[in-house]
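Participant: I am sharing structure_36.txt, which consists of compact mmCIF, C-alpha atoms:
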# COMPACT_ATOMS: atom_id res chain seq x y z
CA MET A 1134 23.10 50.59 -20.20
CA GLU A 1135 26.26 52.47 -19.21
CA ILE A 1136 29.85 51.54 -20.01
CA ARG A 1137 32.60 52.51 -17.59
CA PHE A 1138 36.36 51.96 -17.61
CA VAL A 1139 38.17 51.98 -14.26
CA ASN A 1140 41.89 52.10 -13.53
CA ARG A 1141 41.77 50.11 -10.29
CA ILE A 1142 39.96 46.93 -9.37
CA GLY A 1143 39.58 48.58 -5.98
CA ASP A 1144 37.14 51.06 -7.53
CA ILE A 1145 34.71 48.15 -7.98
CA GLU A 1146 32.90 46.71 -4.98
CA ARG A 1147 34.18 43.24 -4.24
CA ARG A 1148 30.69 41.81 -3.78
CA ASP A 1149 29.54 43.28 -7.11
CA TRP A 1150 32.46 41.86 -9.09
CA ASN A 1151 32.35 38.47 -7.38
CA ALA A 1152 28.61 38.19 -7.94
CA LEU A 1153 29.53 37.92 -11.64
CA ALA A 1154 32.87 36.09 -11.38
CA GLY A 1155 31.88 33.42 -8.89
CA ARG A 1156 34.47 31.02 -7.46
CA ASP A 1157 34.82 28.26 -10.07
CA TYR A 1158 37.65 30.09 -11.85
CA PRO A 1159 39.74 31.54 -8.99
CA PHE A 1160 41.85 33.88 -11.13
CA LEU A 1161 38.93 36.20 -11.87
CA ARG A 1162 37.98 36.66 -8.25
CA HIS A 1163 38.20 40.26 -7.09
CA GLU A 1164 40.66 39.14 -4.42
CA PHE A 1165 43.10 37.71 -6.97
CA LEU A 1166 43.06 40.74 -9.26
CA ALA A 1167 43.26 43.09 -6.27
CA ALA A 1168 46.30 41.23 -4.92
CA LEU A 1169 48.04 41.73 -8.27
CA GLU A 1170 47.36 45.46 -8.23
CA HIS A 1171 47.83 46.20 -4.53
CA SER A 1172 51.13 44.31 -4.42
CA GLY A 1173 52.45 46.41 -7.31
CA ALA A 1174 52.96 43.43 -9.61
CA VAL A 1175 50.34 44.92 -11.95
CA ALA A 1176 50.72 48.67 -12.29
CA PRO A 1177 51.65 51.31 -14.88
CA ALA A 1178 55.24 51.11 -13.62
CA THR A 1179 55.40 47.42 -14.57
CA GLY A 1180 53.75 47.95 -17.96
CA TRP A 1181 50.25 46.88 -16.87
CA GLN A 1182 47.75 49.76 -16.72
CA PRO A 1183 44.36 48.42 -15.60
CA GLU A 1184 41.39 49.69 -17.58
CA HIS A 1185 38.74 47.18 -16.58
CA ALA A 1186 35.63 47.40 -18.76
CA LEU A 1187 32.29 47.43 -16.93
CA LEU A 1188 28.67 47.40 -18.04
CA TYR A 1189 26.06 48.81 -15.69
CA GLN A 1190 22.30 48.71 -15.93
CA ALA A 1191 20.49 51.08 -13.56
CA ASP A 1192 23.70 51.34 -11.48
CA ARG A 1193 23.96 47.57 -11.18
CA LEU A 1194 27.09 45.87 -12.51
CA VAL A 1195 25.89 43.26 -15.02
CA ALA A 1196 29.06 42.46 -17.03
CA ALA A 1197 32.80 42.99 -16.68
CA MET A 1198 36.07 42.28 -18.49
CA PRO A 1199 39.57 42.38 -16.97
CA LEU A 1200 41.38 44.74 -19.32
CA TYR A 1201 44.89 46.19 -19.39
CA ARG A 1202 46.79 48.69 -21.49
CA LYS A 1203 50.17 47.05 -22.04
CA THR A 1204 53.50 48.62 -22.97
CA HIS A 1205 55.25 45.26 -23.51
CA SER A 1206 54.35 41.60 -24.05
CA TRP A 1207 55.88 39.97 -20.96
CA GLY A 1208 53.81 37.81 -18.64
CA GLU A 1209 51.25 36.83 -21.27
CA TYR A 1210 52.31 33.32 -22.44
CA VAL A 1211 51.07 34.10 -25.96
CA PHE A 1212 54.07 35.44 -27.78
CA ASP A 1213 53.60 38.37 -30.17
CA GLN A 1214 57.02 40.01 -29.88
CA ALA A 1215 57.70 39.19 -33.54
CA TRP A 1216 54.62 41.19 -34.46
CA ALA A 1217 55.94 44.11 -32.44
CA ARG A 1218 59.30 43.92 -34.22
CA ALA A 1219 57.55 43.91 -37.60
CA TYR A 1220 55.67 47.05 -36.59
CA ALA A 1221 58.89 48.73 -35.52
CA GLN A 1222 60.58 47.88 -38.81
CA ARG A 1223 57.80 49.77 -40.59
CA GLY A 1224 58.10 52.73 -38.26
CA LEU A 1225 54.84 51.93 -36.46
CA ALA A 1226 54.15 51.69 -32.75
CA TYR A 1227 52.83 48.33 -31.55
CA TYR A 1228 52.65 49.47 -27.92
CA PRO A 1229 50.49 50.37 -26.13
CA LYS A 1230 48.01 47.62 -26.87
CA TYR A 1231 44.87 46.33 -25.16
CA LEU A 1232 44.92 42.98 -23.38
CA ALA A 1233 41.97 41.06 -21.94
CA ALA A 1234 43.62 38.42 -19.77
CA VAL A 1235 44.56 37.46 -16.26
CA PRO A 1236 48.15 38.67 -15.80
CA PHE A 1237 50.79 35.95 -15.59
CA THR A 1238 48.13 33.21 -15.79
CA PRO A 1239 48.01 30.93 -18.86
CA CYS A 1240 44.79 29.17 -17.82
CA THR A 1241 41.72 29.06 -20.04
CA GLY A 1242 38.63 30.62 -18.50
CA PRO A 1243 36.05 33.38 -18.84
CA ARG A 1244 37.22 36.79 -20.00
CA ILE A 1245 33.80 38.42 -19.71
CA VAL A 1246 31.68 37.65 -16.67
CA VAL A 1247 27.94 38.27 -16.77
CA ALA A 1248 25.18 38.46 -14.17
CA PRO A 1249 23.37 35.08 -14.15
CA ASP A 1250 19.97 36.70 -14.76
CA ARG A 1251 21.08 38.77 -17.76
CA PRO A 1252 21.01 37.45 -21.36
CA ALA A 1253 24.49 37.27 -22.83
CA ASP A 1254 23.44 39.06 -26.02
CA GLU A 1255 22.36 42.10 -24.01
CA THR A 1256 25.61 42.33 -22.09
CA VAL A 1257 28.52 40.77 -23.95
CA VAL A 1258 27.84 42.52 -27.26
CA PRO A 1259 27.75 46.11 -25.91
CA LEU A 1260 30.83 45.45 -23.80
CA LEU A 1261 32.80 44.14 -26.79
CA ASP A 1262 31.58 47.08 -28.88
CA ALA A 1263 32.79 49.52 -26.24
CA VAL A 1264 36.24 47.95 -25.91
CA LEU A 1265 36.81 47.92 -29.66
CA GLU A 1266 35.59 51.50 -30.03
CA ARG A 1267 37.89 52.66 -27.24
CA ALA A 1268 40.84 50.85 -28.85
CA ARG A 1269 40.11 52.58 -32.16
CA SER A 1270 39.53 56.03 -30.69
CA ASP A 1271 42.73 55.85 -28.62
CA GLY A 1272 44.74 54.76 -31.66
CA LEU A 1273 45.87 51.47 -30.15
CA SER A 1274 47.59 49.02 -32.46
CA SER A 1275 45.66 45.99 -31.29
CA TRP A 1276 43.46 44.23 -28.78
CA HIS A 1277 44.20 40.71 -27.60
CA CYS A 1278 41.99 38.30 -25.65
CA LEU A 1279 44.08 35.46 -24.24
CA PHE A 1280 43.04 31.97 -23.09
CA ALA A 1281 39.38 32.74 -23.72
CA ASP A 1282 36.76 30.06 -23.18
CA ALA A 1283 34.84 28.61 -26.09
CA ASP A 1284 31.65 30.66 -25.60
CA LEU A 1285 33.45 33.97 -25.85
CA GLY A 1286 35.61 32.64 -28.67
CA GLU A 1287 32.53 32.09 -30.83
CA ARG A 1288 31.52 35.72 -30.34
CA LEU A 1289 35.00 37.04 -31.03
CA ALA A 1290 35.04 35.09 -34.28
CA GLN A 1291 31.85 36.90 -35.27
CA TYR A 1292 33.66 40.18 -34.65
CA GLY A 1293 36.33 39.11 -37.11
CA LEU A 1294 39.10 38.67 -34.56
CA ILE A 1295 41.96 36.39 -35.56
CA ARG A 1296 42.14 33.08 -33.72
CA ARG A 1297 45.52 31.77 -32.65
CA GLU A 1298 45.99 28.32 -31.18
CA ASP A 1299 48.50 26.58 -28.96
CA VAL A 1300 48.76 23.33 -27.03
CA GLN A 1301 48.87 22.65 -23.32
CA PHE A 1302 48.89 19.34 -21.44
CA GLN A 1303 46.15 18.63 -18.92
CA TRP A 1304 45.05 15.63 -16.89
CA PHE A 1305 41.49 14.31 -16.94
CA ASN A 1306 39.86 12.20 -14.26
CA ARG A 1307 38.08 9.16 -15.67
CA ALA A 1308 36.33 8.29 -12.42
CA TYR A 1309 39.46 6.78 -10.91
CA ARG A 1310 38.82 5.28 -7.48
CA ASP A 1311 42.31 6.03 -6.19
CA PHE A 1312 45.86 6.60 -7.44
CA ASP A 1313 46.43 2.88 -7.93
CA ASP A 1314 43.34 2.75 -10.12
CA TYR A 1315 44.86 5.51 -12.24
CA LEU A 1316 48.15 3.64 -12.44
CA ALA A 1317 46.29 0.56 -13.61
CA ALA A 1318 45.17 2.50 -16.68
CA LEU A 1319 48.78 3.09 -17.75
CA SER A 1320 50.95 0.80 -19.81
CA ALA A 1321 53.23 -1.46 -17.79
CA GLY A 1322 56.33 0.56 -18.63
CA LYS A 1323 54.87 3.91 -17.67
CA ARG A 1324 53.27 2.47 -14.53
CA LYS A 1325 56.68 1.23 -13.41
CA MET A 1326 58.19 4.65 -14.23
CA VAL A 1327 55.71 6.50 -12.02
CA LYS A 1328 56.17 4.09 -9.14
CA ARG A 1329 59.94 4.33 -9.48
CA GLU A 1330 59.84 8.15 -9.44
CA ARG A 1331 57.68 8.18 -6.33
CA ARG A 1332 60.06 5.77 -4.57
CA LYS A 1333 63.03 7.96 -5.46
CA VAL A 1334 61.53 10.89 -3.58
CA GLY A 1335 61.15 8.83 -0.42
CA ALA A 1336 64.60 7.33 -0.82
CA GLN A 1337 66.07 10.85 -0.62
CA GLY A 1338 64.46 11.31 2.78
CA ILE A 1339 61.82 13.71 1.45
CA GLU A 1340 58.27 13.77 2.75
CA LEU A 1341 55.43 15.66 1.04
CA VAL A 1342 53.05 17.66 3.21
CA SER A 1343 49.78 18.93 1.70
CA LEU A 1344 48.26 22.00 3.34
CA ASP A 1345 45.00 23.81 2.86
CA GLY A 1346 45.68 27.53 2.39
CA ARG A 1347 44.11 28.22 5.77
CA GLU A 1348 46.72 25.99 7.44
CA VAL A 1349 49.82 27.71 6.01
CA ASP A 1350 51.67 30.01 8.41
CA ALA A 1351 53.78 33.06 7.62
CA LYS A 1352 57.07 31.15 7.84
CA GLN A 1353 55.83 28.58 5.33
CA TRP A 1354 54.70 31.31 2.92
CA GLN A 1355 58.14 32.88 3.14
CA ALA A 1356 59.76 29.52 2.39
CA PHE A 1357 57.46 29.01 -0.59
CA TYR A 1358 58.25 32.45 -1.96
CA ARG A 1359 61.99 31.85 -1.67
CA PHE A 1360 61.62 28.68 -3.77
CA TYR A 1361 59.37 30.46 -6.29
CA ALA A 1362 61.86 33.32 -6.69
CA LEU A 1363 64.75 30.88 -7.09
CA THR A 1364 63.03 29.40 -10.14
CA TYR A 1365 63.40 32.77 -11.87
CA LEU A 1366 66.80 33.66 -10.47
CA LYS A 1367 68.26 30.38 -11.74
CA ARG A 1368 67.29 31.58 -15.22
CA ARG A 1369 68.79 35.02 -14.53
CA SER A 1370 65.44 36.76 -14.54
CA GLN A 1371 63.28 38.48 -11.96
CA PRO A 1372 60.04 36.98 -10.64
CA TYR A 1373 56.84 38.65 -11.80
CA LEU A 1374 55.23 38.37 -8.37
CA ASN A 1375 56.35 39.41 -4.91
CA LEU A 1376 55.77 37.99 -1.45
CA ASP A 1377 53.12 40.61 -0.71
CA PHE A 1378 50.98 39.20 -3.53
CA PHE A 1379 50.96 35.71 -2.04
CA LEU A 1380 50.35 36.97 1.49
CA ARG A 1381 47.32 38.91 0.24
CA LEU A 1382 45.96 35.74 -1.38
CA ALA A 1383 46.58 33.86 1.87
CA ALA A 1384 44.60 36.47 3.78
CA ASP A 1385 41.74 36.97 1.29
CA MET A 1386 41.12 33.64 -0.47
CA PRO A 1387 42.99 30.93 1.45
CA GLU A 1388 40.23 28.36 0.88
CA GLN A 1389 41.18 28.20 -2.80
CA LEU A 1390 44.89 27.65 -2.18
CA ARG A 1391 46.71 24.37 -1.63
CA LEU A 1392 50.40 24.29 -0.79
CA ILE A 1393 52.59 21.22 -1.15
CA LEU A 1394 55.75 21.39 0.96
CA ALA A 1395 58.62 18.96 0.46
CA MET A 1396 60.29 18.39 3.83
CA LYS A 1397 63.71 16.90 4.51
CA ARG A 1398 65.02 16.57 8.07
CA GLY A 1399 62.33 18.94 9.23
CA GLN A 1400 63.22 21.67 6.74
CA ALA A 1401 61.30 22.72 3.63
CA VAL A 1402 63.36 22.09 0.50
CA ALA A 1403 60.72 22.68 -2.21
CA ALA A 1404 57.13 23.79 -2.64
CA ALA A 1405 54.31 23.82 -5.18
CA LEU A 1406 51.23 26.03 -5.03
CA PHE A 1407 47.87 25.00 -6.48
CA PHE A 1408 44.58 26.86 -6.90
CA VAL A 1409 41.32 25.03 -6.28
CA GLY A 1410 38.52 25.76 -8.76
CA GLY A 1411 35.00 24.42 -9.11
CA ASP A 1412 35.93 21.03 -10.55
CA THR A 1413 39.44 21.87 -11.73
CA LEU A 1414 42.75 21.98 -9.89
CA TYR A 1415 45.24 24.52 -11.24
CA GLY A 1416 48.96 23.97 -10.74
CA ARG A 1417 50.68 27.34 -10.87
CA TYR A 1418 53.99 27.86 -9.01
CA TRP A 1419 56.93 25.70 -8.03
CA GLY A 1420 60.48 26.03 -6.75
CA CYS A 1421 63.22 24.18 -4.87
CA ASP A 1422 66.52 24.97 -3.19
CA HIS A 1423 68.43 22.14 -4.96
CA ASP A 1424 67.74 19.61 -7.66
CA TYR A 1425 66.23 16.46 -6.19
CA ASP A 1426 65.62 13.42 -8.37
CA ALA A 1427 61.95 13.18 -9.47
CA LEU A 1428 60.77 15.68 -6.84
CA HIS A 1429 59.29 18.03 -9.43
CA PHE A 1430 57.14 15.22 -10.82
CA GLU A 1431 55.92 14.25 -7.37
CA ALA A 1432 55.19 17.73 -6.03
CA CYS A 1433 53.75 19.26 -9.18
CA TYR A 1434 52.00 16.31 -10.88
CA TYR A 1435 51.43 13.24 -8.75
CA GLN A 1436 50.28 15.21 -5.71
CA GLY A 1437 47.85 17.12 -7.94
CA ILE A 1438 46.54 13.94 -9.57
CA GLY A 1439 46.02 12.39 -6.16
CA TYR A 1440 44.13 15.45 -4.95
CA CYS A 1441 41.85 15.43 -8.00
CA ILE A 1442 41.04 11.74 -7.55
CA ALA A 1443 40.41 12.07 -3.81
CA ASN A 1444 38.12 15.09 -4.28
CA GLY A 1445 36.35 14.05 -7.48
CA PHE A 1446 37.78 16.86 -9.62
CA SER A 1447 37.39 16.34 -13.34
CA ARG A 1448 40.50 18.14 -14.57
CA PHE A 1449 44.01 19.12 -13.56
CA ASP A 1450 45.32 22.16 -15.44
CA SER A 1451 49.04 22.20 -14.76
CA GLY A 1452 49.90 25.31 -16.77
CA ALA A 1453 51.84 25.99 -19.93
CA GLN A 1454 54.45 23.89 -21.72
CA GLY A 1455 55.96 20.61 -20.55
CA GLU A 1456 56.08 17.72 -23.00
CA HIS A 1457 57.37 15.56 -20.15
CA LYS A 1458 53.79 15.64 -18.84
CA ILE A 1459 52.61 13.37 -21.67
CA ALA A 1460 54.31 10.27 -20.25
CA ARG A 1461 52.51 10.94 -16.96
CA GLY A 1462 49.04 11.01 -18.47
CA PHE A 1463 48.57 14.67 -19.33
CA GLU A 1464 46.71 14.98 -22.63
CA PRO A 1465 47.25 17.64 -25.31
CA VAL A 1466 44.46 20.23 -25.43
CA THR A 1467 44.06 23.29 -27.61
CA THR A 1468 44.09 26.78 -26.13
CA SER A 1469 42.92 29.85 -28.01
CA SER A 1470 43.73 33.53 -28.11
CA TRP A 1471 41.96 36.15 -30.22
CA HIS A 1472 43.50 39.22 -31.83
CA TRP A 1473 42.16 42.44 -33.31
CA ILE A 1474 44.79 44.30 -35.37
CA ALA A 1475 43.98 47.87 -36.35
CA GLU A 1476 46.32 48.22 -39.36
CA PRO A 1477 44.71 46.32 -42.28
CA GLY A 1478 47.95 45.23 -43.94
CA PHE A 1479 49.32 43.76 -40.72
CA ALA A 1480 45.96 42.21 -39.89
CA ALA A 1481 46.01 40.33 -43.20
CA ALA A 1482 49.62 39.22 -42.74
CA ILE A 1483 49.01 38.04 -39.16
CA ALA A 1484 45.82 36.21 -40.18
CA ASP A 1485 47.77 34.37 -42.86
CA PHE A 1486 50.55 33.51 -40.41
CA VAL A 1487 48.27 32.11 -37.72
CA ALA A 1488 46.25 30.12 -40.28
CA ARG A 1489 49.44 28.33 -41.28
CA GLU A 1490 50.53 28.09 -37.66
CA ARG A 1491 47.24 26.39 -36.73
CA LEU A 1492 48.02 23.57 -39.16
CA HIS A 1493 51.32 22.93 -37.39
CA VAL A 1494 49.65 23.14 -33.98
CA ALA A 1495 46.98 20.61 -34.99
CA SER A 1496 49.65 18.25 -36.33
CA TYR A 1497 51.70 18.62 -33.15
CA ARG A 1498 48.66 17.98 -30.96
CA ALA A 1499 47.74 14.82 -32.88
CA ASP A 1500 51.33 13.58 -32.77
CA ALA A 1501 51.64 14.25 -29.03
CA ALA A 1502 48.50 12.22 -28.37
CA GLN A 1503 50.16 9.17 -29.89
CA TYR A 1504 52.62 9.13 -26.98
CA LEU A 1505 50.07 9.05 -24.19
CA PRO A 1506 50.85 6.28 -21.70
CA PHE A 1507 47.43 4.66 -21.42
CA LYS A 1508 46.94 0.98 -22.20
CA HIS A 1509 44.16 1.85 -24.58
CA ASN A 1510 45.35 5.09 -26.11
CA ALA A 1511 42.17 5.33 -28.17
CA ASP A 1512 40.32 6.04 -24.93
CA ALA A 1513 42.27 9.28 -24.53
CA THR A 1514 40.78 12.30 -26.21
CA VAL A 1515 42.86 14.87 -28.04
CA GLY A 1516 41.21 17.82 -26.36
CA ASN A 1517 40.42 21.34 -27.43
CA ASP A 1518 38.98 24.29 -25.61
CA ASP A 1519 35.49 22.76 -25.93
CA SER A 1520 36.52 19.53 -24.19
CA HIS A 1521 38.05 20.90 -20.98
CA PHE A 1522 35.01 19.82 -18.97
CA ARG A 1523 34.02 16.33 -20.04
How would this structure read if it were set down as structure tokens?
Facilitator:
Amino acid sequence: MEIRFVNRIGDIERRDWNALAGRDYPFLRHEFLAALEHSGAVAPATGWQPEHALLYQADRLVAAMPLYRKTHSWGEYVFDQAWARAYAQRGLAYYPKYLAAVPFTPCTGPRIVVAPDRPADETVVPLLDAVLERARSDGLSSWHCLFADADLGERLAQYGLIRREDVQFQWFNRAYRDFDDYLAALSAGKRKMVKRERRKVGAQGIELVSLDGREVDAKQWQAFYRFYALTYLKRRSQPYLNLDFFLRLAADMPEQLRLILAMKRGQAVAAALFFVGGDTLYGRYWGCDHDYDALHFEACYYQGIGYCIANGFSRFDSGAQGEHKIARGFEPVTTSSWHWIAEPGFAAAIADFVARERLHVASYRADAAQYLPFKHNADATVGNDDSHFR
């Protein structure tokens, strides 16, 4: 066994990485990570230094972890800035830190990928050992593994990492025959609300066009990017990603992209971009040139639900935040992040904080489930990271 750390995903053969990562979780494909790096969105200059951890056996890649040395906490969707401020108040440096995650992507999935013919114990354990040893030897304050799946979470718990929880809202397909069948499962009031919102979009002269990534032309990608960037600019911030990133995805993995364009009088006025996984649809980016009544719900939620039903997908992961999703049938699920803190005093304080925080998160999740719109709310499951695929 040999451990290697590389500073560019390009130093790893695409076929070797993808033989481990597969296609079910699109954000760990070599093409996705390479687009982040080659576009400059992920680079030392932006505070993301790649140090991907690799495990080789007889020169064959058998396990890998996407790993970054971070000099800030932006783009993570698990907020630890208060921890950094506490470090600074004690005269300690919180940055740099180690981060195992997919940049700018708050979607639960694998954080260590393993060759299918290799036992996990023989690969995951030495890789985790190597990452922790490197963090210690380099004097890093911490190592964080974000939105990890349940299997890895169990192992990280054995290593004594601190578990932190949060809630997202996701939609689950209960073998609906079509969109009307889904609507029939909702209470009368919420069913009328959804129908009313969908009518409002048409009444504004807006038509939704759904395109496979292979059908999208350069002009349409430019329009999408303008809408995406406007979402950030309206909040007086800069977008994390650039047009080059999306064009690279369009060239290298178009079959896992789905673009919804909202058209009015022949012109695009809004767009939403989805990623197609194994049995999960991921809603990731959205933007519009003006505010149109109910268009966000149609483009980002109802179009995704319809796609999942038509294609037999079990789950629609629409990203972080958004309590307004509850009324539209998105159920609260638990997400997990795991944290190793080098300084013992801070580790104890953070462990105490997240233990109390978990109680509030559990209460919030249970309360949110009471507002689900289904006729028989008991049929809806309050999910956690073990119930994503049901």
Participant: For a cutoff of 9 Å around the file-coordinate point (45.8, 47.8, -28.8), which residues qualify once you count all atoms listed in the file? I'd like the result as a count of residues only.
Facilitator: 20
Participant: Which one is closest to Pro1183 (chain A): A:Lys1397, A:His1423, A:Arg1147, A:Arg1141? Count only C-alpha atoms.
Facilitator: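 Once distances to Pro1183 (chain A) are computed over only C-alpha atoms, the minimum belongs to A:Arg1141.
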Participant: Using all atoms listed in the file, which of the listed residues (A:Arg1359, A:Lys1325, A:Arg1391, A:Arg1244) sits closest to Cys1433 (chain A)?
Facilitator: A:Arg1391
Participant: State, in Å with one decimal place, the distance from CA of Arg1297 (chain A) to CA of Ala1405 (chain A).
Facilitator: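 According to the coordinates, CA of Arg1297 (chain A) and CA of Ala1405 (chain A) are separated by 29.9 Å.
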Participant: Which residue out of A:Gly1416, A:Gly1338, A:Gly1445, A:Pro1259 has the minimum interatomic distance to Arg1288 (chain A) when only C-alpha atoms are used?
Facilitator: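 For Arg1288 (chain A), the nearest of the given residues is A:Pro1259.
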Participant: Restricting the calculation to only C-alpha atoms, which member of A:Ile1459, A:Phe1237, A:Asp1213, A:Gly1335 is positioned closest to Pro1372 (chain A)?
Facilitator: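 Between A:Ile1459, A:Phe1237, A:Asp1213, A:Gly1335, the residue approaching Pro1372 (chain A) most closely is A:Phe1237.
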Participant: Have a look at A:Ile1339, A:Arg1223, A:Val1247, A:Leu1188 and name the one nearest to Gly1155 (chain A); count all atoms listed in the file.
Facilitator: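 For Gly1155 (chain A), the nearest of the candidates is A:Val1247.
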Participant: Which residues, written as a list in words, have at least one atom at most 9 Å from Asn1375 (chain A), with all atoms listed in the file counted and residues fewer than 3 positions away on the same chain left out?
Facilitator: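 Non-adjacent residues within range: Ser1172, Gly1173, Ala1174, Tyr1358, Ala1362, Pro1372, Phe1378 and Phe1379 of chain A.
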Participant: Counting all atoms listed in the file, find the residues whose atoms lie at most 8 Å from (22.8, 44.3, -21.6) (file coordinates) and write them out as a compact mmCIF listing (two decimals) with C-alpha atoms, in the coordinates of the input.
Facilitator:
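Wrote out-v5.txt, looks like this:
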# COMPACT_ATOMS: atom_id res chain seq x y z
CA MET A 1134 23.10 50.59 -20.20
CA LEU A 1188 28.67 47.40 -18.04
CA GLN A 1190 22.30 48.71 -15.93
CA VAL A 1195 25.89 43.26 -15.02
CA ALA A 1196 29.06 42.46 -17.03
CA ARG A 1251 21.08 38.77 -17.76
CA PRO A 1252 21.01 37.45 -21.36
CA ALA A 1253 24.49 37.27 -22.83
CA ASP A 1254 23.44 39.06 -26.02
CA GLU A 1255 22.36 42.10 -24.01
CA THR A 1256 25.61 42.33 -22.09
CA VAL A 1257 28.52 40.77 -23.95
CA VAL A 1258 27.84 42.52 -27.26
CA PRO A 1259 27.75 46.11 -25.91
Participant: Pick the closest to Tyr1504 (chain A) from A:Leu1374, A:Ala1460, A:Ala1283, A:Ile1393: which is it, counting all atoms listed in the file?
Facilitator: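 Smallest distance to Tyr1504 (chain A) is found for A:Ala1460.
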Participant: Between CA of Gly1346 (chain A) and CA of Asp1144 (chain A), measure the distance and give it in Å to one decimal.
Facilitator: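 That distance, rounded to one decimal, is 26.9 Å.
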Participant: Please, what distance in Å, to one decimal, runs between CA of Ala1356 (chain A) and CA of Ala1401 (chain A)?
Facilitator: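 If I compute the distance from CA of Ala1356 (chain A) to CA of Ala1401 (chain A), I get 7.1 Å.
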Participant: Quick one: everything within 8 Å of Phe1463 (chain A), counting only C-alpha atoms, minus sequence neighbours fewer than 4 positions away in the same chain. Send it as a ChimeraX atom specification.
Facilitator: /A:1302-1305,1458-1459,1505
Participant: With only C-alpha atoms as the counted atoms, please give the residues lying no more than 10 Å from Gln1214 (chain A), apart from itself and same-chain residues fewer than 6 positions off, as JSON, numbers by chain.
Facilitator: {"A": [1205, 1206, 1207, 1220, 1227]}
Participant: Fewer than 2 positions away in the same chain doesn't count, so skip those; otherwise give me all residues within 12 Å of region 1455-1457 of chain A, counting only C-alpha atoms, as a compact mmCIF listing (two decimals) with C-alpha atoms, in the frame of the given file.
Facilitator:
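Output below, filename part.txt:
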# COMPACT_ATOMS: atom_id res chain seq x y z
CA VAL A 1300 48.76 23.33 -27.03
CA GLN A 1301 48.87 22.65 -23.32
CA PHE A 1302 48.89 19.34 -21.44
CA GLN A 1303 46.15 18.63 -18.92
CA ALA A 1427 61.95 13.18 -9.47
CA HIS A 1429 59.29 18.03 -9.43
CA PHE A 1430 57.14 15.22 -10.82
CA CYS A 1433 53.75 19.26 -9.18
CA TYR A 1434 52.00 16.31 -10.88
CA ASP A 1450 45.32 22.16 -15.44
CA SER A 1451 49.04 22.20 -14.76
CA GLY A 1452 49.90 25.31 -16.77
CA ALA A 1453 51.84 25.99 -19.93
CA ILE A 1459 52.61 13.37 -21.67
CA ALA A 1460 54.31 10.27 -20.25
CA ARG A 1461 52.51 10.94 -16.96
CA GLY A 1462 49.04 11.01 -18.47
CA PHE A 1463 48.57 14.67 -19.33
CA GLU A 1464 46.71 14.98 -22.63
CA PRO A 1465 47.25 17.64 -25.31
CA TYR A 1497 51.70 18.62 -33.15
CA ARG A 1498 48.66 17.98 -30.96
CA ASP A 1500 51.33 13.58 -32.77
CA ALA A 1501 51.64 14.25 -29.03
CA ALA A 1502 48.50 12.22 -28.37
CA TYR A 1504 52.62 9.13 -26.98
CA LEU A 1505 50.07 9.05 -24.19
CA PRO A 1506 50.85 6.28 -21.70
Participant: Near Leu1380 (chain A), counting all atoms listed in the file, which residues have an atom at most 12 Å away, once you skip same-chain residues fewer than 2 positions from it, shown as number ranges by chain?
Facilitator: A: 1164-1165, 1168-1169, 1171-1172, 1346-1347, 1349-1355, 1357-1358, 1374-1378, 1382-1387, 1390
Participant: Please put the answer as lines of an AutoDock Vina configuration file: centre and edge lengths, in Å with one decimal, of a box along x, y and z that encloses all listed atoms of region 1404-1420 of chain A plus 8 Å on each side.
Facilitator:
center_x = 47.7
center_y = 24.4
center_z = -7.2
size_x = 41.5
size_y = 22.8
size_z = 25.1
Participant: Restore N, CA and C atoms in region 1427-1435 of chain A and list the result as a PDB file, keeping the file's coordinate frame.
Facilitator:
ATOM      1  N   ALA A1427      63.385  13.472  -9.325  1.00  0.00           N
ATOM      2  CA  ALA A1427      61.950  13.180  -9.470  1.00  0.00           C
ATOM      3  C   ALA A1427      61.054  14.009  -8.551  1.00  0.00           C
ATOM      4  N   LEU A1428      61.603  14.929  -7.775  1.00  0.00           N
ATOM      5  CA  LEU A1428      60.770  15.680  -6.840  1.00  0.00           C
ATOM      6  C   LEU A1428      59.775  16.581  -7.566  1.00  0.00           C
ATOM      7  N   HIS A1429      60.200  17.170  -8.670  1.00  0.00           N
ATOM      8  CA  HIS A1429      59.290  18.030  -9.430  1.00  0.00           C
ATOM      9  C   HIS A1429      58.067  17.245  -9.886  1.00  0.00           C
ATOM     10  N   PHE A1430      58.270  16.031 -10.366  1.00  0.00           N
ATOM     11  CA  PHE A1430      57.140  15.220 -10.820  1.00  0.00           C
ATOM     12  C   PHE A1430      56.193  14.908  -9.672  1.00  0.00           C
ATOM     13  N   GLU A1431      56.756  14.594  -8.524  1.00  0.00           N
ATOM     14  CA  GLU A1431      55.920  14.250  -7.370  1.00  0.00           C
ATOM     15  C   GLU A1431      55.132  15.456  -6.873  1.00  0.00           C
ATOM     16  N   ALA A1432      55.836  16.563  -6.635  1.00  0.00           N
ATOM     17  CA  ALA A1432      55.190  17.730  -6.030  1.00  0.00           C
ATOM     18  C   ALA A1432      54.195  18.397  -6.975  1.00  0.00           C
ATOM     19  N   CYS A1433      54.556  18.486  -8.242  1.00  0.00           N
ATOM     20  CA  CYS A1433      53.750  19.260  -9.180  1.00  0.00           C
ATOM     21  C   CYS A1433      52.691  18.438  -9.909  1.00  0.00           C
ATOM     22  N   TYR A1434      52.911  17.135 -10.084  1.00  0.00           N
ATOM     23  CA  TYR A1434      52.000  16.310 -10.880  1.00  0.00           C
ATOM     24  C   TYR A1434      51.309  15.237 -10.064  1.00  0.00           C
ATOM     25  N   TYR A1435      52.062  14.362  -9.418  1.00  0.00           N
ATOM     26  CA  TYR A1435      51.430  13.240  -8.750  1.00  0.00           C
ATOM     27  C   TYR A1435      50.608  13.678  -7.539  1.00  0.00           C
TER      28      TYR A1435
END
